[in-house]
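Asks: There's a structure below that I have some questions on.
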Amino acid sequence: MNAFDYIIVGAGSAGCVLANRLSAHGKDTVLLLEAGGTDRSPLIQVPLGYGLTFADPKYNWMYTTEPDPALNNRASFWPRGKVLGGSSSLNAMVYIRGQQGDYDDWAAAGNTGWAWKDVLPYFKKHEDHVFGASEHHGAGGELRVSDFADQVHPLCTRFLQAGENLGFKRTADFNGKLKEGFGLWQMTIRDGWRESSSNAFLRPALKRSTLTLKTHAHVTRVLMENRKAMGVECLIGGQTQRFSARKEVILSGGAINSPQLLQLSGIADQALLEQVGVPLVHHLPRVGQGLQDHVCVSYFFKSKVPTLNDKLYPWYGKLWAGIRYALTRKGPLGMSVNQAGAFVRSRPGLERPNLHLYFNPISYSAATIVPGRFKITNPDPFSAFLISFNTCVPTSRGSVTITSSNPLDKPRIETNFLSTSHDLRDIVEGSRMVRSIANSKPLVDVLLSEHLPGIAVQSDAEILEDFRTRGGSVYHASCTCAMGVDAMTSVVDARLRVHGIAGLRVVDASVFPSVTSGNTNGPVMMVAEKASEMILQDNA
């Protein structure tokens, strides 16, 4: 077998950071294995191209969840990155660290070293923030975080003013001192190009002789000996190959693939493994359990003034947007359509925001994401905008489990959304919050009508039924290999080592004890930054 000091499974948001940091050490050899291929497509590199990669199996694992009773027994399509950069090559590029309390909760649960004061230095370490170095931001790091206040659609200003008129604060920086209120999103975009984890961290590291990258390498199991990870087995070009790790195997496949690989390797609940015929290596019952995600719904409003629909629906509008981008790297194609938003408390007495709002000066009310088809390319043929919301920290939990011993079979994803009274209450209050914003000045001055769900939906029961009919994932899957002190209630310890197994760690969104308030890409890269330091310390 080919031998390396470290083997990293998955070149996504976390894996690319790890590959950079571990190979920079100079003394260790690193093998990075990615099931997908190159990220050089303009659909990935041009920021607005992400709408076309959501349902493309060339870049996507194309997962589908089990039907969820909370969503009227609908199955959900879950895009996850199967490409260099992972989901950071497919996401909407909004950079949000989350609320300080998210991480303080992690530490309070026994995860020493994961409080806000502990993780902030790791966010800053790799940051190249447009605002420059400060108490809250880093400058000169690998990851560019940009501000688009001078480019967002004029309707965003009305949205922000409506929030202020309702008594909410305005923040210029959701990742700074004031993390709640209304504001504009910062984005992982550099000079008009997507700043994925691959672009920021992997591409510079590939120049080093200490790093080896293999794409189209589907890892099928971790090789074990006396409860120690010795290497991995994978399929490359239809052939089985094995690689050994002298120090550690690190799983960075994400909240779906990492628990799947642990289960295929015999590290999971004994009853599950007996059911699917995988030999037990170590009984670890929480592998794949505790799945969390943000689930949202969009309210669509017809507008009296032009929106991005007017620019991007007609063919000539698309052509002009393309020409502008080619000449300036600016315009609608050079940024996310998710331009403004808010973190707010829907009622008095809450310690921190419970609702995450999104404002898009565009609408796709008739769009559906169908695997293998591109149904999200055209906005509505009329002027409109949308406001979406989800609960910041849901309390519902799902699971990810293998259904057979075949590593090519997709795992079962059970979302179990809206299974707590906490989450149901936030849905009703979120709906009323969205409507209060849309009907506040100066946004109401340009509001023609509520397109969806329509003003007939008013009661709590009607609001919940509409959510069950139209709601869906925000694609922030996490918590399926959660860190914790007790091996019976968690999967990894506070140093991200798999309980009871030597030489094996998990470093990705699956180790979150609870999902962060907001987009998860930034927190995942922070986790990888902190993990790389711990790995080098433990192997010194």
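Each chain in the structure tokens gets a letter, A, B and so on, in the order shown; residues start at 1 in every chain, and ligands are counted from 1 in the order they appear.
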Applying 6 Å and only C-alpha atoms, which residues near range 260-263 of chain A remain after dropping the ones on its own chain fewer than 4 positions away? List them as an MDAnalysis selection string.
Replies: chainID A and resid 221 267:268
Asks: Give the strand (DSSP E or B) residues of range 193-331 of chain A, as DSSP finds them on the backbone, and put them as a ChimeraX atom specification.
Replies: /A:193-194,211-214,217-224,228-236,239-251,267-268,282-283,289-292,295-303
Asks: Please write the residues from the selection above to a file, keeping C-alpha atoms, as a PDB file, in the first residue's frame.
Replies:
```pdb
ATOM      1  CA  TRP A 193     -14.916  34.898  -8.476  1.00  0.00           C
ATOM      2  CA  ARG A 194     -16.208  32.353  -5.976  1.00  0.00           C
ATOM      3  CA  LEU A 211       0.539  17.069  -0.599  1.00  0.00           C
ATOM      4  CA  THR A 212      -0.928  14.462  -2.954  1.00  0.00           C
ATOM      5  CA  LEU A 213      -4.444  14.909  -4.348  1.00  0.00           C
ATOM      6  CA  LYS A 214      -6.477  12.115  -5.927  1.00  0.00           C
ATOM      7  CA  ALA A 217     -11.454   8.453  -5.455  1.00  0.00           C
ATOM      8  CA  HIS A 218     -14.482   7.072  -3.616  1.00  0.00           C
ATOM      9  CA  VAL A 219     -13.417   5.888  -0.162  1.00  0.00           C
ATOM     10  CA  THR A 220     -15.389   2.780   0.801  1.00  0.00           C
ATOM     11  CA  ARG A 221     -14.097   2.022   4.291  1.00  0.00           C
ATOM     12  CA  VAL A 222     -11.501   2.829   6.906  1.00  0.00           C
ATOM     13  CA  LEU A 223      -9.025  -0.003   7.409  1.00  0.00           C
ATOM     14  CA  MET A 224      -8.881  -1.004  11.066  1.00  0.00           C
ATOM     15  CA  LYS A 228      -6.821   1.675  15.302  1.00  0.00           C
ATOM     16  CA  ALA A 229      -7.281   3.324  11.917  1.00  0.00           C
ATOM     17  CA  MET A 230      -4.525   2.075   9.652  1.00  0.00           C
ATOM     18  CA  GLY A 231      -5.603   3.530   6.311  1.00  0.00           C
ATOM     19  CA  VAL A 232      -8.447   3.523   3.808  1.00  0.00           C
ATOM     20  CA  GLU A 233      -9.783   1.488   0.936  1.00  0.00           C
ATOM     21  CA  CYS A 234     -11.201   3.302  -2.074  1.00  0.00           C
ATOM     22  CA  LEU A 235     -12.384   2.892  -5.628  1.00  0.00           C
ATOM     23  CA  ILE A 236     -10.391   4.709  -8.291  1.00  0.00           C
ATOM     24  CA  GLN A 239     -10.280  -0.546  -9.162  1.00  0.00           C
ATOM     25  CA  THR A 240      -9.892  -1.047  -5.420  1.00  0.00           C
ATOM     26  CA  GLN A 241      -6.857   0.642  -3.955  1.00  0.00           C
ATOM     27  CA  ARG A 242      -5.537   0.866  -0.406  1.00  0.00           C
ATOM     28  CA  PHE A 243      -3.542   3.597   1.263  1.00  0.00           C
ATOM     29  CA  SER A 244      -2.015   3.458   4.724  1.00  0.00           C
ATOM     30  CA  ALA A 245      -1.742   6.276   7.256  1.00  0.00           C
ATOM     31  CA  ARG A 246       1.250   6.385   9.560  1.00  0.00           C
ATOM     32  CA  LYS A 247      -0.363   8.933  11.888  1.00  0.00           C
ATOM     33  CA  GLU A 248      -4.057   9.570  11.285  1.00  0.00           C
ATOM     34  CA  VAL A 249      -7.065   9.111   9.026  1.00  0.00           C
ATOM     35  CA  ILE A 250      -9.276  12.215   9.027  1.00  0.00           C
ATOM     36  CA  LEU A 251     -12.842  12.061   7.745  1.00  0.00           C
ATOM     37  CA  ILE A 267     -18.039   1.913  13.833  1.00  0.00           C
ATOM     38  CA  ALA A 268     -21.674   2.528  14.709  1.00  0.00           C
ATOM     39  CA  HIS A 282     -16.702  -0.679  17.782  1.00  0.00           C
ATOM     40  CA  HIS A 283     -20.151  -0.019  19.223  1.00  0.00           C
ATOM     41  CA  GLN A 289     -27.778  10.292  14.912  1.00  0.00           C
ATOM     42  CA  GLY A 290     -28.652  13.868  15.889  1.00  0.00           C
ATOM     43  CA  LEU A 291     -28.906  15.273  12.339  1.00  0.00           C
ATOM     44  CA  GLN A 292     -29.829  18.951  12.330  1.00  0.00           C
ATOM     45  CA  VAL A 295     -35.614  24.363   7.227  1.00  0.00           C
ATOM     46  CA  CYS A 296     -37.191  27.461   5.697  1.00  0.00           C
ATOM     47  CA  VAL A 297     -40.006  28.788   3.584  1.00  0.00           C
ATOM     48  CA  SER A 298     -40.111  31.762   1.207  1.00  0.00           C
ATOM     49  CA  TYR A 299     -42.841  34.375   1.005  1.00  0.00           C
ATOM     50  CA  PHE A 300     -43.100  35.921  -2.458  1.00  0.00           C
ATOM     51  CA  PHE A 301     -44.273  39.476  -3.078  1.00  0.00           C
ATOM     52  CA  LYS A 302     -45.102  41.151  -6.375  1.00  0.00           C
ATOM     53  CA  SER A 303     -43.430  44.526  -6.707  1.00  0.00           C
TER      54      SER A 303
END
```
Asks: Report, in Å with one decimal, the straight-line distance from CA of Ala342 in chain A to CA of Glu180 in chain A.
Replies: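 These two atoms are separated by 6.7 Å.
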Asks: With only C-alpha atoms as the basis for distance, which of A:Ser146, A:Gln99, A:Thr64, A:Ser252 is at the shortest distance from Ser76 in chain A?
Replies: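 Comparing A:Ser146, A:Gln99, A:Thr64, A:Ser252 against Ser76 in chain A, the winner is A:Thr64.
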Asks: Can you pull out every residue within 12 Å of Pro79 in chain A, counting only C-alpha atoms, but drop anything in the same chain fewer than 4 positions away, and send it as a PyMOL selection string?
Replies: chain A and resi 50-65+83+86-91+254+256+369-372+473-477
Asks: Show me, as a Markdown table, the residues of range 46-113 of chain A having an atom within 9 Å of range 323-338 of chain A, each with the closest atom pair and its distance in Å, using only C-alpha atoms.
Replies:
```
| residue | atom | partner | partner_atom | distance |
| --- | --- | --- | --- | --- |
| A:Val46 | CA | A:Gly334 | CA | 6.5 |
| A:Pro47 | CA | A:Gly334 | CA | 5.3 |
| A:Leu48 | CA | A:Leu333 | CA | 4.8 |
| A:Gly49 | CA | A:Leu333 | CA | 7.5 |
| A:Tyr50 | CA | A:Ser336 | CA | 8.9 |
| A:Ala92 | CA | A:Ser336 | CA | 5.9 |
| A:Met93 | CA | A:Ser336 | CA | 6.8 |
| A:Val94 | CA | A:Ser336 | CA | 7.7 |
```
Asks: List the neighbours of Ala11 in chain A out to 9 Å using only C-alpha atoms; skip same-chain residues closer than 6 positions along the sequence, and give me the result as a PyMOL selection string.
Replies: chain A and resi 17-19+32-36+82-86+197-198+202+213+215+252-253
Asks: Deliver the residues from the most recent selection as a file, using C-alpha atoms, as a short mmCIF file (atom, residue, chain, number, x, y, z; two decimals), in the first residue's frame.
Replies:
```
data_model
loop_
_atom_site.label_atom_id
_atom_site.label_comp_id
_atom_site.auth_asym_id
_atom_site.auth_seq_id
_atom_site.Cartn_x
_atom_site.Cartn_y
_atom_site.Cartn_z
CA VAL A 17 -8.18 23.71 5.01
CA LEU A 18 -6.70 20.58 6.60
CA ALA A 19 -4.72 19.73 3.47
CA LEU A 32 -6.27 14.12 0.05
CA LEU A 33 -8.96 11.90 -1.48
CA GLU A 34 -11.99 13.40 -3.23
CA ALA A 35 -14.85 11.38 -4.73
CA GLY A 36 -15.66 14.14 -7.20
CA LYS A 82 -19.06 16.12 -4.86
CA VAL A 83 -16.26 18.22 -6.31
CA LEU A 84 -13.12 19.99 -5.18
CA GLY A 85 -14.27 22.49 -2.59
CA GLY A 86 -17.26 20.33 -1.68
CA SER A 197 -12.31 26.37 0.14
CA SER A 198 -10.61 24.83 -2.88
CA LEU A 202 -6.19 23.84 -1.71
CA LEU A 213 -4.44 14.91 -4.35
CA THR A 215 -9.85 12.95 -7.45
CA SER A 252 -14.04 15.32 6.19
CA GLY A 253 -16.84 14.02 4.01
#
```
Asks: Might you pull out every residue within 12 Å of Leu178 in chain A, with only C-alpha atoms counted and same-chain residues fewer than 3 positions away left off, and present them as a list in words?
Replies: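 That gives Gly98, Gln99, Gln100, His136, Phe168, Lys169, Arg170, Thr171, Ala172, Asp173, Phe174, Asn175, Gly181, Phe182, Gly183, Ala342, Phe343, Val344, Arg352 and Pro353 of chain A.
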